[in-house]
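Trainee: The file below is model.cif, mmCIF, C-alpha atoms and all ligand atoms:
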```
data_run
loop_
_atom_site.label_atom_id
_atom_site.label_comp_id
_atom_site.auth_asym_id
_atom_site.auth_seq_id
_atom_site.Cartn_x
_atom_site.Cartn_y
_atom_site.Cartn_z
CA MET J 349 2.10 -0.94 -18.82
CA SER J 350 5.87 -0.71 -18.39
CA LEU J 351 7.22 2.58 -17.17
CA ILE J 352 10.92 3.41 -17.21
CA LEU J 353 12.11 6.63 -15.65
CA TYR J 354 15.50 7.91 -16.79
CA GLY J 355 17.41 10.12 -14.40
CA ALA J 356 19.31 10.43 -11.14
CA SER J 357 17.67 10.56 -7.75
CA LEU J 358 19.12 13.85 -6.51
CA SER J 359 17.60 15.88 -9.35
CA PRO J 360 14.60 17.88 -8.09
CA PHE J 361 12.86 17.30 -11.41
CA VAL J 362 13.36 13.55 -11.21
CA ARG J 363 12.13 13.66 -7.60
CA LYS J 364 9.01 15.52 -8.75
CA VAL J 365 8.17 12.77 -11.24
CA ARG J 366 9.03 9.95 -8.83
CA THR J 367 6.72 11.53 -6.24
CA CYS J 368 3.90 11.68 -8.81
CA LEU J 369 4.48 8.05 -9.76
CA LEU J 370 4.42 6.95 -6.11
CA GLU J 371 1.39 9.05 -5.20
CA LYS J 372 -0.42 7.66 -8.23
CA LYS J 373 0.72 4.16 -7.25
CA LEU J 374 2.18 3.56 -10.71
CA GLU J 375 4.96 1.00 -10.80
CA TYR J 376 8.13 1.96 -12.62
CA THR J 377 11.77 1.08 -12.92
CA MET J 378 14.51 3.65 -12.89
CA GLU J 379 17.49 3.76 -15.22
CA LEU J 380 20.39 5.86 -14.08
CA ILE J 381 21.32 8.75 -16.38
CA ILE J 382 23.87 11.14 -14.92
CA PRO J 383 23.70 14.76 -16.10
CA ARG J 384 26.78 15.83 -18.07
CA ASN J 385 27.61 12.16 -18.58
CA GLN J 386 24.64 11.05 -20.64
CA PRO J 387 25.16 8.16 -23.09
CA ASP J 388 24.71 9.02 -26.79
CA TRP J 389 21.52 6.94 -27.09
CA TYR J 390 19.81 9.09 -24.45
CA TYR J 391 19.76 12.06 -26.87
CA GLN J 392 17.27 10.11 -28.98
CA ILE J 393 14.89 10.23 -26.04
CA ASN J 394 15.68 13.79 -25.01
CA PRO J 395 17.58 15.83 -27.62
CA LEU J 396 18.52 18.28 -24.84
CA GLY J 397 20.09 15.47 -22.81
CA ARG J 398 18.35 16.59 -19.63
CA ILE J 399 16.78 14.39 -17.00
CA PRO J 400 14.12 13.20 -16.40
CA ALA J 401 12.61 11.33 -19.34
CA LEU J 402 10.00 8.59 -19.24
CA ARG J 403 9.38 5.59 -21.48
CA ASP J 404 5.90 4.14 -21.39
CA GLY J 405 5.92 1.08 -23.63
CA GLN J 406 6.82 2.50 -27.06
CA PHE J 407 6.21 6.10 -26.05
CA ASP J 408 8.92 8.49 -24.85
CA VAL J 409 8.30 11.81 -23.13
CA CYS J 410 10.67 14.26 -21.47
CA ASP J 411 10.63 17.27 -19.13
CA SER J 412 9.23 16.79 -15.63
CA ALA J 413 6.21 19.06 -16.15
CA VAL J 414 5.28 17.34 -19.41
CA ILE J 415 5.78 13.90 -17.87
CA CYS J 416 3.58 14.70 -14.85
CA ALA J 417 0.85 16.06 -17.14
CA TYR J 418 1.14 12.93 -19.30
CA LEU J 419 0.76 10.62 -16.28
CA GLU J 420 -2.34 12.54 -15.20
CA ASP J 421 -3.92 12.26 -18.69
CA LYS J 422 -2.85 8.69 -19.38
CA TYR J 423 -3.78 7.20 -16.00
CA PRO J 424 -7.02 8.95 -14.98
CA ASN J 425 -7.97 6.34 -12.40
CA THR J 426 -5.10 7.32 -10.15
CA LEU J 427 -4.81 10.08 -7.55
CA ALA J 428 -5.50 13.38 -9.35
CA LEU J 429 -2.64 15.82 -8.84
CA CYS J 430 -3.28 18.42 -11.54
CA GLY J 431 -6.59 19.93 -10.39
CA ASN J 432 -10.29 19.36 -10.94
CA THR J 433 -11.23 22.65 -12.60
CA ALA J 434 -9.62 24.88 -15.23
CA GLU J 435 -8.84 27.40 -12.49
CA GLU J 436 -7.18 24.84 -10.22
CA ALA J 437 -5.21 23.39 -13.12
CA ALA J 438 -3.97 26.86 -14.07
CA ARG J 439 -2.90 27.64 -10.48
CA ILE J 440 -1.10 24.32 -10.20
CA ARG J 441 0.74 24.93 -13.48
CA TRP J 442 1.70 28.38 -12.20
CA PHE J 443 3.25 27.00 -9.01
CA GLU J 444 4.97 24.26 -10.97
CA LYS J 445 6.49 26.83 -13.31
CA TYR J 446 7.39 28.96 -10.30
CA GLY J 447 9.24 26.04 -8.72
CA ASP J 448 10.94 24.97 -11.96
CA TYR J 449 12.02 28.39 -13.22
CA GLU J 450 12.22 30.71 -10.19
CA VAL J 451 13.08 28.62 -7.13
CA GLY J 452 15.03 25.90 -8.98
CA PRO J 453 17.76 28.09 -10.51
CA LEU J 454 18.51 29.56 -7.08
CA ALA J 455 17.94 26.75 -4.56
CA THR J 456 19.12 23.87 -6.73
CA PHE J 457 21.27 25.11 -9.61
CA THR J 458 23.15 27.64 -7.48
CA VAL J 459 23.02 26.71 -3.77
CA PHE J 460 22.93 22.90 -4.12
CA PHE J 461 25.23 22.85 -7.14
CA ASN J 462 27.97 24.89 -5.49
CA ARG J 463 27.74 23.44 -2.00
CA VAL J 464 27.31 19.78 -2.96
CA LEU J 465 27.85 18.92 -6.63
CA ALA J 466 30.75 21.23 -7.44
CA LYS J 467 32.94 19.60 -4.78
CA SER J 468 32.20 16.13 -6.08
CA MET J 469 33.16 17.32 -9.59
CA GLY J 470 36.43 18.80 -8.38
CA LEU J 471 35.18 22.36 -8.92
CA PRO J 472 35.42 25.17 -6.36
CA CYS J 473 32.32 26.26 -4.46
CA ASP J 474 31.33 29.77 -5.56
CA GLU J 475 30.14 30.92 -2.14
CA ALA J 476 29.56 34.49 -3.38
CA ALA J 477 27.03 33.14 -5.89
CA VAL J 478 25.43 31.06 -3.12
CA GLN J 479 25.03 34.12 -0.90
CA LYS J 480 23.53 36.13 -3.76
CA ALA J 481 21.05 33.33 -4.47
CA LEU J 482 20.09 33.12 -0.78
CA GLN J 483 19.31 36.83 -0.83
CA LYS J 484 17.24 36.51 -3.99
CA LEU J 485 15.29 33.64 -2.48
CA VAL J 486 13.88 35.90 0.25
CA ALA J 487 11.38 37.50 -2.16
CA HIS J 488 10.26 34.04 -3.25
CA TYR J 489 9.75 32.89 0.34
CA ASP J 490 7.65 36.00 0.97
CA TYR J 491 5.50 35.33 -2.09
CA LEU J 492 5.03 31.62 -1.35
CA GLU J 493 4.22 32.32 2.30
CA SER J 494 1.52 34.78 1.17
CA GLN J 495 0.05 32.19 -1.19
CA LEU J 496 -0.48 29.63 1.54
CA ALA J 497 -2.84 32.00 3.39
CA ASP J 498 -4.85 29.75 5.72
CA SER J 499 -4.45 26.57 3.72
CA ASP J 500 -2.17 23.61 4.28
CA TYR J 501 -1.66 23.34 0.50
CA PHE J 502 -1.08 25.75 -2.37
CA VAL J 503 -4.18 24.91 -4.41
CA GLY J 504 -7.68 23.62 -3.64
CA GLN J 505 -7.05 22.77 0.05
CA ARG J 506 -5.51 19.45 -0.91
CA PHE J 507 -2.20 17.92 -1.97
CA THR J 508 -1.38 18.56 -5.65
CA LEU J 509 1.54 18.81 -8.02
CA ALA J 510 1.93 22.44 -6.94
CA ASP J 511 3.08 21.25 -3.50
CA ILE J 512 5.47 18.71 -4.96
CA ALA J 513 6.97 21.18 -7.44
CA ILE J 514 7.87 23.68 -4.74
CA ALA J 515 8.88 21.25 -1.99
CA THR J 516 11.22 19.26 -4.24
CA HIS J 517 13.67 22.18 -4.32
CA TRP J 518 13.76 22.47 -0.51
CA VAL J 519 15.21 18.97 -0.46
CA ASN J 520 18.22 20.04 -2.51
CA PHE J 521 18.41 23.16 -0.41
CA SER J 522 18.64 21.10 2.76
CA TYR J 523 21.36 18.90 1.21
CA ALA J 524 23.33 22.14 0.90
CA GLN J 525 22.95 22.69 4.67
CA GLU J 526 20.40 25.46 4.27
CA GLN J 527 16.92 25.69 5.72
CA LEU J 528 13.97 28.04 5.74
CA ASP J 529 13.70 30.36 8.71
CA ALA J 530 10.52 29.00 10.36
CA GLN J 531 10.14 32.12 12.50
CA ARG J 532 10.01 34.40 9.47
CA TRP J 533 8.11 32.08 7.10
CA PRO J 534 6.11 29.80 9.44
CA LYS J 535 3.48 28.68 6.92
CA LEU J 536 6.03 27.85 4.27
CA ALA J 537 8.23 25.96 6.74
CA ALA J 538 5.19 24.01 8.00
CA HIS J 539 4.17 23.30 4.40
CA GLN J 540 7.63 21.96 3.63
CA ALA J 541 7.53 19.68 6.70
CA ARG J 542 4.01 18.50 5.79
CA ILE J 543 4.90 17.61 2.20
CA LEU J 544 8.22 15.98 3.01
CA ALA J 545 6.55 13.84 5.70
CA ARG J 546 4.37 12.08 3.11
CA ASP J 547 5.10 8.39 2.65
CA SER J 548 6.09 8.95 -0.99
CA LEU J 549 8.74 11.52 -0.17
CA GLN J 550 9.98 9.69 2.92
CA LEU J 551 10.63 6.66 0.72
CA LEU J 552 12.49 8.75 -1.84
CA LEU J 553 14.56 10.61 0.74
CA ALA J 554 15.72 7.33 2.26
CA ASP J 555 16.75 6.16 -1.21
CA GLU J 556 18.51 9.46 -1.96
CA ALA J 557 20.50 9.31 1.28
CA LYS J 558 22.65 6.53 -0.23
CA MET J 559 23.48 8.60 -3.31
CA LEU J 560 24.17 11.67 -1.21
CA ALA J 561 26.53 9.76 1.07
CA ARG J 562 28.43 8.52 -1.99
CA LEU J 563 28.71 12.08 -3.34
CA ARG J 564 30.07 13.36 -0.05
N1 LIG R 601 12.69 21.75 -17.26
C1 LIG R 601 13.39 20.50 -17.11
C2 LIG R 601 14.68 20.72 -16.35
C3 LIG R 601 15.51 19.45 -16.27
C4 LIG R 601 16.94 19.74 -15.86
O1 LIG R 601 17.43 20.86 -15.94
N2 LIG R 601 17.63 18.68 -15.42
C5 LIG R 601 19.02 18.81 -15.07
C6 LIG R 601 19.34 18.00 -13.82
S1 LIG R 601 18.54 18.61 -12.39
C7 LIG R 601 19.88 18.24 -16.20
O2 LIG R 601 19.53 17.22 -16.76
N3 LIG R 601 20.99 18.90 -16.52
C8 LIG R 601 21.92 18.39 -17.48
C9 LIG R 601 22.08 19.23 -18.68
O3 LIG R 601 21.47 20.32 -18.77
O4 LIG R 601 22.83 18.77 -19.58
C10 LIG R 601 12.47 19.50 -16.40
O5 LIG R 601 11.60 19.93 -15.65
O6 LIG R 601 12.61 18.29 -16.63
#
```
Starting from the coordinates I provided, produce the structure as structure tokens.

Mentor:
Amino acid sequence: MSLILYGASLSPFVRKVRTCLLEKKLEYTMELIIPRNQPDWYYQINPLGRIPALRDGQFDVCDSAVICAYLEDKYPNTLALCGNTAEEAARIRWFEKYGDYEVGPLATFTVFFNRVLAKSMGLPCDEAAVQKALQKLVAHYDYLESQLADSDYFVGQRFTLADIAIATHWVNFSYAQEQLDAQRWPKLAAHQARILARDSLQLLLADEAKMLARLR
């Protein structure tokens, strides 16, 4: 087995896959691909040019959700992150989609992009867009808080990909100097702290700190 992950560490989607790899104890190497500056050859792996992509021997696969599902199917003797029943698997996919397509565009592509990336690219920060995104996020916090009910995790009372897929965006959010209001959304804030305290994420956050410092 030789796994190569293509991407950059500050991407929430790359972080999602790296967390899966670490939790599953799968060894991998990472090759840096910077969004908007991808080499031509990378389009043969992902025609959309987006990160992450994974090479497993002769096999290439892209999109974080597809990669995580592939790792689960290909390496069944590792920590299961995608559920043990059809119902659990469906709930986990739902939260993953929710993170990727509802939380991500606001917390990462708007708040993080404007507050952190735009500056490093010489672009102005669109603070009006940031404020609008912060307002839109409120409904998502309410929903996610309601889904935690009395559990420490989103699905099946244990750590799964659902937890990773939501928490990964709070990391980018925090890099943009924003944080959840723990008084208003106590379960969600506690969930975030619980997930980010895992050894896998602690390792990644320490690694990301170097990249973040360079950006700033
Ligand atoms: N649905 C994709 C989203 C990946 C994505 O949007 N990645 C961003 C970086 S966070 C990217 O590569 N953007 C560059 C581009 O769109 O050209 C996934 O989960 O992998």

Trainee: Between CA of His488 (chain J) and CA of Ala438 (chain J), measure the distance and give it in Å to one decimal.

Mentor: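 Atom-to-atom, CA of His488 (chain J) and CA of Ala438 (chain J) are spaced 19.3 Å apart.
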
Trainee: Can you tell me which residues sit at most 9 Å away from ligand LIG 601 (chain R), counting all atoms listed in the file, written as a ChimeraX atom specification?

Mentor: /J:355-356,358-362,364-365,381-386,396-401,410-415,445,448-449,452,456-457

Trainee: Hey, what's within 10 Å of Ala417 (chain J) if we count only C-alpha atoms and toss same-chain stuff fewer than 6 positions away? As a list in words, please?

Mentor: Val365, Cys368, Leu429, Cys430, Arg441 and Leu509 of chain J

Trainee: The selected residues should be written to file as a PDB file, in the coordinates of the input (atoms: C-alpha atoms).

Mentor:
```
ATOM      1  CA  VAL J 365       8.170  12.770 -11.240  1.00  0.00           C
ATOM      2  CA  CYS J 368       3.900  11.680  -8.810  1.00  0.00           C
ATOM      3  CA  LEU J 429      -2.640  15.820  -8.840  1.00  0.00           C
ATOM      4  CA  CYS J 430      -3.280  18.420 -11.540  1.00  0.00           C
ATOM      5  CA  ARG J 441       0.740  24.930 -13.480  1.00  0.00           C
ATOM      6  CA  LEU J 509       1.540  18.810  -8.020  1.00  0.00           C
TER       7      LEU J 509
END
```

Trainee: Which one is closest to Tyr523 (chain J): J:Glu435, J:Glu556, J:Asp474, J:Asp421? Count all atoms listed in the file.

Mentor: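 Using all atoms listed in the file, Tyr523 (chain J) sits closest to J:Glu556.
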
Trainee: For Leu496 (chain J), which of J:Val459, J:Val478, J:Ala510, J:Leu419 is the closest residue, counting all atoms listed in the file?

Mentor: J:Ala510

Trainee: Which is closest to Leu402 (chain J) among J:Val451, J:Leu374, J:Ile352, J:Ala434, if we use all atoms listed in the file?

Mentor: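 Answer, going by the shortest atom-to-atom distance: J:Ile352.
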